[in-house]
Structures are given as C-alpha cells and as structure tokens.
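*Asks:* Questions regarding the structure given below will be posed in turn.
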Amino acid sequence: MSMDNTIADLRFAVDRPALIKRLRAVLPASALLAEDEEMRPYDCDGLTAYRQLPLLVTLPENEAQTQAILRICHELHAPVVPRGAATGLSGGATPHPDGVLVSLARLRNIIRVDPLSRTAVVQPGVRNLAVSEAAAPYGLYYAPDPSSQIACTIGGNVAENSGGVHCLKYGLTVNNVLRVRGLTIAGEIVEFGNAALDAPGYDLLALINGSEGLLAIITEVTVRLTPKPELAQVVIASFDDVRRAGDAVAGIIAAGIIPAGLEMMDRKAVQAVEPYVQAGYDMDAEAILLCESDGTAEEVAEEVGRMTAVLEKSGASAFCVSRSEAERLKFWAGRKAAFPAVGRMTPDYLCMDGTIPRKHLAKMLEAIAALSGKYALRCANVFHAGDGNLHPLIMYDANQPGELERAMAFGAEILELSVRLGGTITGEHGVGIEKIMLMAEQFSIAEISTFHRLKAAFDEHGLLNPGKGVPTLARCREYTLARAGTAPVASSSPRS
Amino acid sequence: MDSWLANCIARVSEAADTGGQLAIRGGSSKRFYAGPEQGEPLELAAWQGIVAYEPTELVVTARAGTALSELSATLAAQGQWLAFEPPHFGPTATVGGMLAAGLSGPRRQAVGAVRDFVLGVKLLNGLGEVLCFGGQVMKNVAGYDVARLMAGSLGTLGVLLEVSLKVLPLPVAEKSLRFAIDEATALQQLNQWGGRPLPISGSAWQDGILTLRLSGAAAAVAAAQRTLAGEPVDDAEAVAFWWSLREQTLPFFAGEAPLWRLSLPSLAPPQALGSTLVEWGGAQRWLRGGDARTIRAAAAKAGGHATLFRADDGLKAAAGVFQPLPQPLARIHHRLKHAFDPHRVFNPGRLYPDL
Ligand SMILES: Cc1cc2nc3c(=O)[nH]c(=O)nc-3n(C[C@H](O)[C@H](O)[C@H](O)COP(=O)(O)OP(=O)(O)OC[C@H]3O[C@@H](n4cnc5c(N)ncnc54)[C@H](O)[C@@H]3O)c2cc1C
C-alpha cells in the first residue's frame, strides 16, 4: 500500500471552464455535475481511506454520450476515471483531481438474454446479481459471484476480473465473458472477443479483464450463462485448530475433488458474522470451512460423502450439511456478509487480497497472528481457501493518530510475505492506488516498463485512469531504495 | 545463468541490434499452422523439464521445450491432466508451442481453452529481457494479464521460456453416445442440451451422425446417459474416436483439400459451404475446400471468423490465414507487438503478414 497518494504524481493542466462548456453542449443537464456538494458522493470507492474530489462528474446515459465525453476529454487532454458502483476495494475508481469521473451506472439495460445460446448481453452498469436474476427463469445463472454482487456492476467486474466464492470450479470473470465492447480514450469503438468462443489475433479480451479502467471504457458485455445445477449442498466443518483446517483444504484437492466452493473463516470472522447474520456457524470453532458440492442428486450425495470423509480424517470437530436450498443460502449469506459484519466491529478496516499457494495457508495465518501483535491491531481472516486467496481484514480507527499508518504497514507486510511465498499481492481486488507501490515488490523494472508500453498501445497519452495500477518508474526506484534500507528484501522469491 | 539461456539471450540481442529475425521452434509439430516461418531457427527443444509440480496445488510449471507427451504422462501418473485437451499434432509437440498456438481440443466448450488455464509465463522479449507475468497461483490480478495474452500469439511477442498451467483431476467416468440426425437438428439439440446441467464434454457431428461424450462422476454420467438415450459407443472405440478428432486423423481431415476452421456462435445455422464437421456444441466447424472470400464473408455474417487451418503456402498467401482485423484492433496489435518486440525479431508474419 502506498502511504501517500500516487494519483497526484501525474498532474494535468486542464482548462475547466472550456471543458464544462464543451461537455454541456453534448450532455443533458442531469448528466454533468460541477458543484463540490454534488460531486462529494463520488469522492471515493470502497477504499474510503482515500477521498478526492474530481474536476467534474459525468453520468452518461448511453454509449453515444460516453463517446462524446471521451472525445472532448481526449482533445482537451483531460484525464478520465471510469466508475461503476464504486464497491472496488483498491481505489481503482478514486477520482483524479484534474480529471472527469465517468460513472457508467446509468447504462443499466439488460439488452438480451438468450437462453438457447446461454448468453446475455448487458450494459456495464447492470448489477452482477441482476444478470443472474434475469437468467433465472431459464434455469441459467451468471457464475462469478463476488460477495458484493447485489451492488457491483458488470463493468466493474470485468475491469477488476472479479472472482467469487464459486470460482475454483466455475472460473473468474475472464473465464465467463465472451465479448466486451468498449471505447478507447480517443472515443473509438472497439470490440474484444465476439459471440463465438474465440477471436482472431491477440487475446485482447484477456487483457481487458482486470485492466482496472486503464485500457478502455467498457460499454457492453456479453457474458456466458451457466445451467443451474440440479442440486447444491454445502458442508460446514468446524476445526479447533487453524492449521488442521488449512490441511483439510489440501486434503480435499488431493482427493481429486474440485468443490463448487471452498471457503474458510477464522474465529474472529465467525464471531463477527454469527451475531450479525445468524448463519448457524459454530462460535466455538477456531476456524470453519464451507465446502460445496453441486451436480445431480446422485453426484452430490457421492461427493458430499467423499468430502466429509476427508474433513473427518483431517480432524474436523463437527459437521453440518445443508438440508434445503434455503439453509444452503443461509450458510452462504454468512460468508458473503463477512466484510460488513467485521465493519460493525470497528470504525475502519482494510481488506487485504494476497494469494498464496494453498500449502502455505497455515504458515500465513501464523504470520498474520504475529503481525497482529506487532502492530497491536485486530485482524479477522476470510479466505477463498480453494484458490489460496486471503482476505485478512485489518481493523483500525482512522481517528486515532497513527492507526491508519500502522494498518497499512501491517497490510504491506502480509502482501510482501504473499510474494515471498510464491504468490501475489492481489487475487481479485486489483492494484488501484492501494497496492500500487507493492507492484515494485512483485515486478522488476523491465516488467513494469512492459506494462507501461502495453498501456500506451491503447492510450498513448496516459489519460485513462492515471496514477493507478502500475507505478511510475520513479516510484519503483523510490520503493526499492526504501526497502533496501529497511526490511529484508524478497530474496527467497522463486523468481529469477 | 544457464548457458542455453545465456546463448538464447545473446542471439536475441544480436538480432535486435542487427535487424535479424528469429523463427521460434518448439517441436515444429504445428509448423503447418499459420503464416510461414521466416528467419533463423531458434530451437527450444533443449530447454526442457518440469520445474515444479504439486498435485494438491493444481498447478504445473514446465519449461517451454518440454514435450507435451511428457507433461501429460507426468500429470496422468497423479490422476490429473490438461482439461482443455490440447491437440499435439505429432510426438514432438512442446508446452511452449501449445500455448503459442493457442489450440484447444474437443473439451473446449465444456471447460475452457488454453487461455483459461494459463496462470503464468516467463518469457524473453525482443530486447533480450527475461520477464515474468502471472504466477503459480489460481488468482492473480497484479498487472495486466500478459500470461493469457501469450495464448495464440504464435511467438510474435517473445520467446516463451516457462509456462505455469492449472491442472484438473481426470474425470472418473466417461461414456460416448451416437445419434443419427441432420446438421440443423444436431445444432438445435446441442444448444438445448447446453442449457441443462448435463456433463457433456465433447460433441462432433459429421455426415448425419452426432457423437456425444459425457464425463464426470460415475453417477452423473449414468444419469445423463439414461436421459439422453442415444446409441452407446464401445469405450475403446470412443477413446480412439475422440483422440483422432483432436489429432485430426479422422478420414474427414485426410487429403489435400484446404482445411478451414470456422469459429461461430454455437447457434449459427448450417453454413452449407461444403463438407463439414461440427464441434464444440456448434461453436467450431471444420470445412474442406471452398472459396476463401465466400467462407470469410459467411463466417463474419454469422458473427464469427474463419481460419485457413491447413493449406499450401500459395493459398495461405493469397487468402490470408486469419480473418483480417478491423482498423482500431489492427493498430492496437501493432502497438502491442512494438511493446514486446520493437525490432520485429520474432516470428515475423506468422500471425499477420505485417506484424
Ligand atoms: C462488501 C464487499 C465484498 C466484495 N467481495 C468481492 C469478492 O468476493 N470478489 C471480488 O472479486 N471483489 C469483491 N469486492 C470488490 C468489488 O466489489 C469488485 O472489485 C467489483 O467488481 C467492483 O465493481 P464496481 O461496479 O463497484 O466497480 P468500481 O469500484 O466502480 O470500479 C472498479 C474499477 O473498475 C473500473 N471501471 C468500472 N466500470 C468500468 C467501465 N464500465 N469501464 C472501464 N472501467 C470501469 C474503475 O475505474 C475501477 O478501476 C467486494 C467489495 C465489497 C465492498
């Protein structure tokens, strides 16, 4: 995490009155906000520690208006920051002080659901859950299910390559999107992918997924829909030792099982969630695992049997298998409410997102416990255990001097360890401004330079979402120097 | 540093400095595919070996020159495999060539393509720099997804040195069924089945016969077999059939007539362009012979694209191997090429003539 805001590294001299005049000519009055009070609600995303008023806010209603905004910004050399529902946790949609914030929230039509080809064409402001709701009458759903799915948009999902609790079996956003239509910063219409399974040339669709609004503005997405399984059941296993729970995760995979979901919560997370949601979790457990099976009734019965056998052998102290769809959803509701539940226990929290090889889960948990003591801050742990993706939730109080800084240092140590263990600083939440400095921990100068050149292939002048995702080379050098003077550098990193 | 790698870097740097060109070769098993080789051969076969494999992590990392057959055997010994069933097209096929060609087998529609299973790459760019992107973990959104970009890039962006792939357990049970139906009915039927939770892992229609493969848990396969009816295929015959389909050794693929690959929306109607084999639930259609212009226009009209998969160099040069790109995308392609290989050292013309 960056201690100071890297957005301000890149400043642009923008003629605000001229920009307003030009935008007024192409937008309805309700689509342009220029007063501080009207713009205030747009001053941050889910990373609330960073707030910044943009130069202007625009709320286009369709692709043509979005295109007009981009053309004007491009011509007047004004930066553009796209925004969906602002549930992002890494500051990807944090405004730029010299830039136009473009909210895509009003592009919220579901253009088409085609049950026979199992696809839906939607505008970027459509909420993730709304896609599944529209597909439900046909026995279909959109598989990636981030816990924020009632609020987050498909545009934001594509931009972050979001995951969910079912992505071990069903894939991330990138594996479930067939086509993205968008606009370059110059306002040109581009289509990545198509209604077939592949497109000629480079896989630009793969690049757009996870591009954090730095390469293009997404205006339409074709997603793949998945048939609802006949039956799904979730097993909840309690463990009185976190290490055993971690080993059980490896045990399940070793048994040749790919669960539909495999999630873990530690004691602090369970104790935050249970009073809030009454999901039925075991409040005495040191850790619980949620392990889902789906398929035909016969298949599920067989797989649940195999799962419980592994869990038992791994030392689970208690089990519970969902007996109805309502109960299954209740079990998941607890997991999906983990962030807000922890949010009730603390004035502020930071959510980390490192991913590590599964075999290091227990080691990582022990390290986090030690760091929690070192920084005197509480930390609850929620994991996409099947993917090795961790969400330590570091609790702090921004009104206490020094606590934010301590929380950030705590988070940075977790992510540095993730890299040293052969993992990554972010599994699904993106780099944004939050982890931008840590990119220098994970990537060499030559790799960072490649990212800059890659961006320039789409956005020559660096106007789309500047100061996010990839640090400037100057910042990388600064980081490397600072690291050399302090903590041990990632010498055991597997990279050569 | 390993002397092979040092030598490789030196060759790339020299080519970059002197305007030289290199033709990257894995096992040359897919040399027939895409544009002609140009430049001095750069052989990867010596750069081989499995670097890391832990079955419980579901990840394998191998050097690019590792034989695909060796990788498959190593995975199979642990009950795992590359679920997208990549075609080998010969015993010399390598892991790097598989990724660079970006081709997937009969299971593509059910589980995804090569690109869906790539987790990380180590590559050598056109400036002689060794770079790593992605990693050995399931989820990773740090930086742009350069690892997936390599799938199908045909060696035009760099020399792949190491590849990390997601692996999956082998299916427990498998059963193939046959149905005597015409093309239009087969397409309709495949799309309808696709909307139901059936364990379909392969489909091939040709000459009035639809062959369907079911894979998964024994109970699920048995239940689906009951639901779908169809004529059960002898298990050994089925294994041979799906292998020959993947490796293009079925009689359909024999002979000299050009082979076209049409990638279409699965619902696209029969194209009536000539002798056809339908795969991937309708999303991949093979065609023998025909007029290039007509085929490309038909593919575009249906919402997809056509690749001249196998043909002599003359026809390839005249018709182009890949569907031409619209202007903004062509420009992005050139700039991306420039970002990785500014001196145009690697595989010039293999993907598009001017790339
Ligand atoms: C309680 C909670 C739970 C969460 N759980 C998960 C989870 O389980 N898995 C997960 O992956 N994430 C999770 N998140 C993070 C977040 O919800 C996702 O990153 C989500 O995809 C962001 O969508 P959004 O519409 O809110 O995008 P925003 O936050 O508005 O934007 C995110 C990024 O996308 C860009 N962007 C947005 N729209 C467009 C567009 N149309 N074109 C181009 N760029 C665009 C923005 O510039 C920004 O960089 C969670 C967040 C919260 C608050």
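Please note that chains go A, B, ... in the order of the structure tokens, that every chain numbers its residues from 1, and that ligands are numbered from 1 in the order shown.
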Please return as a compact mmCIF listing (two decimals) with N, CA and C atoms, in the first residue's frame the residues found within 6 Å of ligand 1, counting only C-alpha atoms and all ligand atoms.
*Replies:*
# COMPACT_ATOMS: atom_id res chain seq x y z
N ASP A 45 -14.14 5.27 -3.59
CA ASP A 45 -14.83 3.99 -3.79
C ASP A 45 -14.80 3.24 -2.46
N GLY A 46 -14.72 1.90 -2.51
CA GLY A 46 -14.73 1.12 -1.28
C GLY A 46 -13.48 1.33 -0.43
N VAL A 81 -11.63 9.03 -15.43
CA VAL A 81 -11.68 7.92 -14.48
C VAL A 81 -13.04 7.24 -14.57
N PRO A 82 -13.11 5.99 -15.07
CA PRO A 82 -14.39 5.29 -15.12
C PRO A 82 -14.80 4.80 -13.73
N ARG A 83 -16.10 4.71 -13.53
CA ARG A 83 -16.62 4.27 -12.24
C ARG A 83 -17.89 3.46 -12.46
N GLY A 84 -17.99 2.34 -11.74
CA GLY A 84 -19.21 1.53 -11.78
C GLY A 84 -20.01 1.83 -10.54
N ALA A 85 -20.08 0.84 -9.62
CA ALA A 85 -20.82 1.04 -8.37
C ALA A 85 -19.91 1.48 -7.23
N ALA A 86 -18.63 1.63 -7.52
CA ALA A 86 -17.65 2.07 -6.51
C ALA A 86 -17.58 1.14 -5.30
N THR A 87 -17.77 -0.15 -5.53
CA THR A 87 -17.54 -1.10 -4.43
C THR A 87 -16.09 -1.59 -4.44
N GLY A 88 -15.33 -1.16 -5.42
CA GLY A 88 -13.93 -1.59 -5.54
C GLY A 88 -13.18 -1.29 -4.25
N LEU A 89 -12.24 -2.17 -3.91
CA LEU A 89 -11.56 -2.05 -2.61
C LEU A 89 -10.12 -1.57 -2.74
N GLY A 92 -9.51 1.89 -7.37
CA GLY A 92 -9.48 1.99 -8.82
C GLY A 92 -10.36 3.11 -9.35
N ALA A 93 -11.44 3.41 -8.62
CA ALA A 93 -12.36 4.45 -9.07
C ALA A 93 -12.19 5.75 -8.27
N LEU A 104 -20.62 4.92 -15.10
CA LEU A 104 -21.35 4.13 -16.10
C LEU A 104 -22.63 3.55 -15.51
N PRO A 124 -22.75 -1.92 -19.05
CA PRO A 124 -21.77 -2.08 -17.97
C PRO A 124 -22.30 -1.75 -16.58
N PRO A 146 -19.10 -12.32 -6.87
CA PRO A 146 -18.42 -11.59 -5.80
C PRO A 146 -19.40 -11.32 -4.65
N SER A 147 -18.87 -11.23 -3.45
CA SER A 147 -19.76 -11.04 -2.29
C SER A 147 -20.50 -9.72 -2.38
N SER A 148 -20.01 -8.82 -3.19
CA SER A 148 -20.66 -7.52 -3.38
C SER A 148 -21.70 -7.57 -4.49
N CYS A 152 -22.31 -4.43 -7.05
CA CYS A 152 -21.25 -4.17 -8.03
C CYS A 152 -21.76 -4.38 -9.46
N THR A 153 -21.13 -3.70 -10.41
CA THR A 153 -21.59 -3.74 -11.80
C THR A 153 -20.73 -4.69 -12.64
N GLY A 155 -19.49 -3.97 -15.51
CA GLY A 155 -18.34 -3.20 -16.00
C GLY A 155 -17.20 -3.24 -14.99
N GLY A 156 -17.53 -3.01 -13.73
CA GLY A 156 -16.52 -3.08 -12.66
C GLY A 156 -15.95 -4.48 -12.53
N ASN A 157 -16.81 -5.50 -12.67
CA ASN A 157 -16.35 -6.89 -12.58
C ASN A 157 -15.31 -7.20 -13.66
N ALA A 159 -13.52 -4.99 -15.31
CA ALA A 159 -12.33 -4.15 -15.09
C ALA A 159 -11.44 -4.72 -13.99
N GLU A 160 -12.03 -5.41 -13.01
CA GLU A 160 -11.23 -5.99 -11.93
C GLU A 160 -10.97 -7.49 -12.11
N SER A 162 -13.12 -9.83 -11.44
CA SER A 162 -13.57 -10.23 -10.11
C SER A 162 -13.82 -11.73 -10.01
N GLY A 163 -13.63 -12.20 -8.80
CA GLY A 163 -13.91 -13.60 -8.50
C GLY A 163 -15.09 -13.69 -7.58
N GLY A 164 -15.34 -14.88 -7.10
CA GLY A 164 -16.43 -15.08 -6.16
C GLY A 164 -16.17 -16.34 -5.38
N GLU A 212 -8.53 -2.62 -14.94
CA GLU A 212 -8.77 -1.56 -13.97
C GLU A 212 -9.09 -0.19 -14.59
N GLY A 213 -9.78 -0.22 -15.71
CA GLY A 213 -10.17 1.04 -16.33
C GLY A 213 -9.01 1.79 -16.94
N ALA A 216 -9.51 0.80 -21.63
CA ALA A 216 -10.69 1.20 -22.40
C ALA A 216 -11.86 1.35 -21.45
N ILE A 217 -12.89 2.06 -21.91
CA ILE A 217 -14.13 2.16 -21.15
C ILE A 217 -15.10 1.13 -21.71
N ILE A 218 -15.61 0.29 -20.84
CA ILE A 218 -16.47 -0.81 -21.25
C ILE A 218 -17.91 -0.30 -21.39
N THR A 219 -18.52 -0.56 -22.54
CA THR A 219 -19.89 -0.08 -22.74
C THR A 219 -20.90 -1.21 -22.95
N PHE A 339 -17.53 -9.05 5.27
CA PHE A 339 -16.90 -7.72 5.31
C PHE A 339 -17.76 -6.74 6.11
N PRO A 340 -19.05 -6.57 5.76
CA PRO A 340 -19.85 -5.65 6.57
C PRO A 340 -19.94 -6.08 8.03
N GLU A 428 -7.94 -10.66 -6.54
CA GLU A 428 -9.18 -10.29 -7.23
C GLU A 428 -9.60 -8.83 -7.04
N HIS A 429 -9.01 -8.12 -6.09
CA HIS A 429 -9.49 -6.75 -5.83
C HIS A 429 -8.76 -5.69 -6.64
*Asks:* Write down, as a ChimeraX atom specification, each residue of chain A that has any atom within 6 Å of an atom of chain B, counting only C-alpha atoms.
*Replies:* /A:116,195-196,202-203,207,211,227,229,250,253-254,256,298-299,357,387,426-428,430,447,453-454,457
*Asks:* Let's see if you can do this: from backbone DSSP, list all strand (DSSP E or B) residues in segment 209-339 of chain A, as number ranges by chain.
*Replies:* A: 217-224, 226-227, 231-239, 261-266, 287-295, 318-321
*Asks:* In Å to one decimal, how far is atom CA of Phe12 of chain A from atom CA of Pro79 of chain A?
*Replies:*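 Atom CA of Phe12 of chain A lies 7.5 Å from atom CA of Pro79 of chain A.
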*Asks:* I need the residues of segment 117-288 of chain B that end up classed as alpha helix (DSSP H) by DSSP on the backbone, written out as an MDAnalysis selection string.
*Replies:* chainID B and resid 117 146:149 183:194 218:228 235:246
*Asks:* List as a list of chain:residue names the protein and nucleic acid residues near Ala285 of chain A, meaning an atom at most 10 Å away when only C-alpha atoms are counted, but skip any in the same chain fewer than 6 places from it.
*Replies:*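 Here the answer would be A:Ala237, A:Ser238, A:Phe239, A:Asp240, A:Asp241, A:Val242, A:Met265, A:Asp266, A:Arg267, A:Lys268, A:Val270, A:Gln271, A:Ala316, A:Ser317, A:Ala318.
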*Asks:* Go ahead and dump the residues you just picked, C-alpha atoms, as a PDB file, in the first residue's frame.
*Replies:*
ATOM      1  CA  ALA A 237     -16.882 -28.232   9.115  1.00  0.00           C
ATOM      2  CA  SER A 238     -15.558 -26.854  12.401  1.00  0.00           C
ATOM      3  CA  PHE A 239     -11.934 -27.096  13.418  1.00  0.00           C
ATOM      4  CA  ASP A 240     -10.366 -26.372  16.773  1.00  0.00           C
ATOM      5  CA  ASP A 241      -7.058 -25.628  15.106  1.00  0.00           C
ATOM      6  CA  VAL A 242      -6.469 -23.380  12.102  1.00  0.00           C
ATOM      7  CA  MET A 265     -13.259 -18.221   8.094  1.00  0.00           C
ATOM      8  CA  ASP A 266     -11.282 -17.897  11.287  1.00  0.00           C
ATOM      9  CA  ARG A 267     -12.641 -17.434  14.809  1.00  0.00           C
ATOM     10  CA  LYS A 268     -12.677 -13.632  14.656  1.00  0.00           C
ATOM     11  CA  VAL A 270     -17.106 -16.180  12.622  1.00  0.00           C
ATOM     12  CA  GLN A 271     -17.630 -14.198  15.790  1.00  0.00           C
ATOM     13  CA  ALA A 316     -12.829 -31.650  11.858  1.00  0.00           C
ATOM     14  CA  SER A 317     -14.523 -31.433  15.236  1.00  0.00           C
ATOM     15  CA  ALA A 318     -18.071 -31.078  13.893  1.00  0.00           C
TER      16      ALA A 318
END
*Asks:* Which residues are near segment 20-23 of chain B? Cut-off 10 Å, only C-alpha atoms, ignore same chain within fewer than 4 positions. Put them as a PyMOL selection string.
*Replies:* chain B and resi 11-16+36-43+155-156+159+343-348+350
*Asks:* Rounded to one decimal place, report the atom CA of Ala93 of chain B-atom CA of Pro200 of chain A distance in Å.
*Replies:*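 Computed distance, atom CA of Ala93 of chain B to atom CA of Pro200 of chain A, equals 22.4 Å.
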*Asks:* I want to know what sits within 9 Å of Tyr349 of chain A, based on only C-alpha atoms, with residues of the same chain fewer than 4 positions away left out; could you give that as a list in words?
*Replies:*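 Counting only C-alpha atoms, the residues come to Phe339, Val342, Gly343, Cys379, Leu393, Ile394, Met395, Tyr396, Asp397 and Ala407 of chain A.
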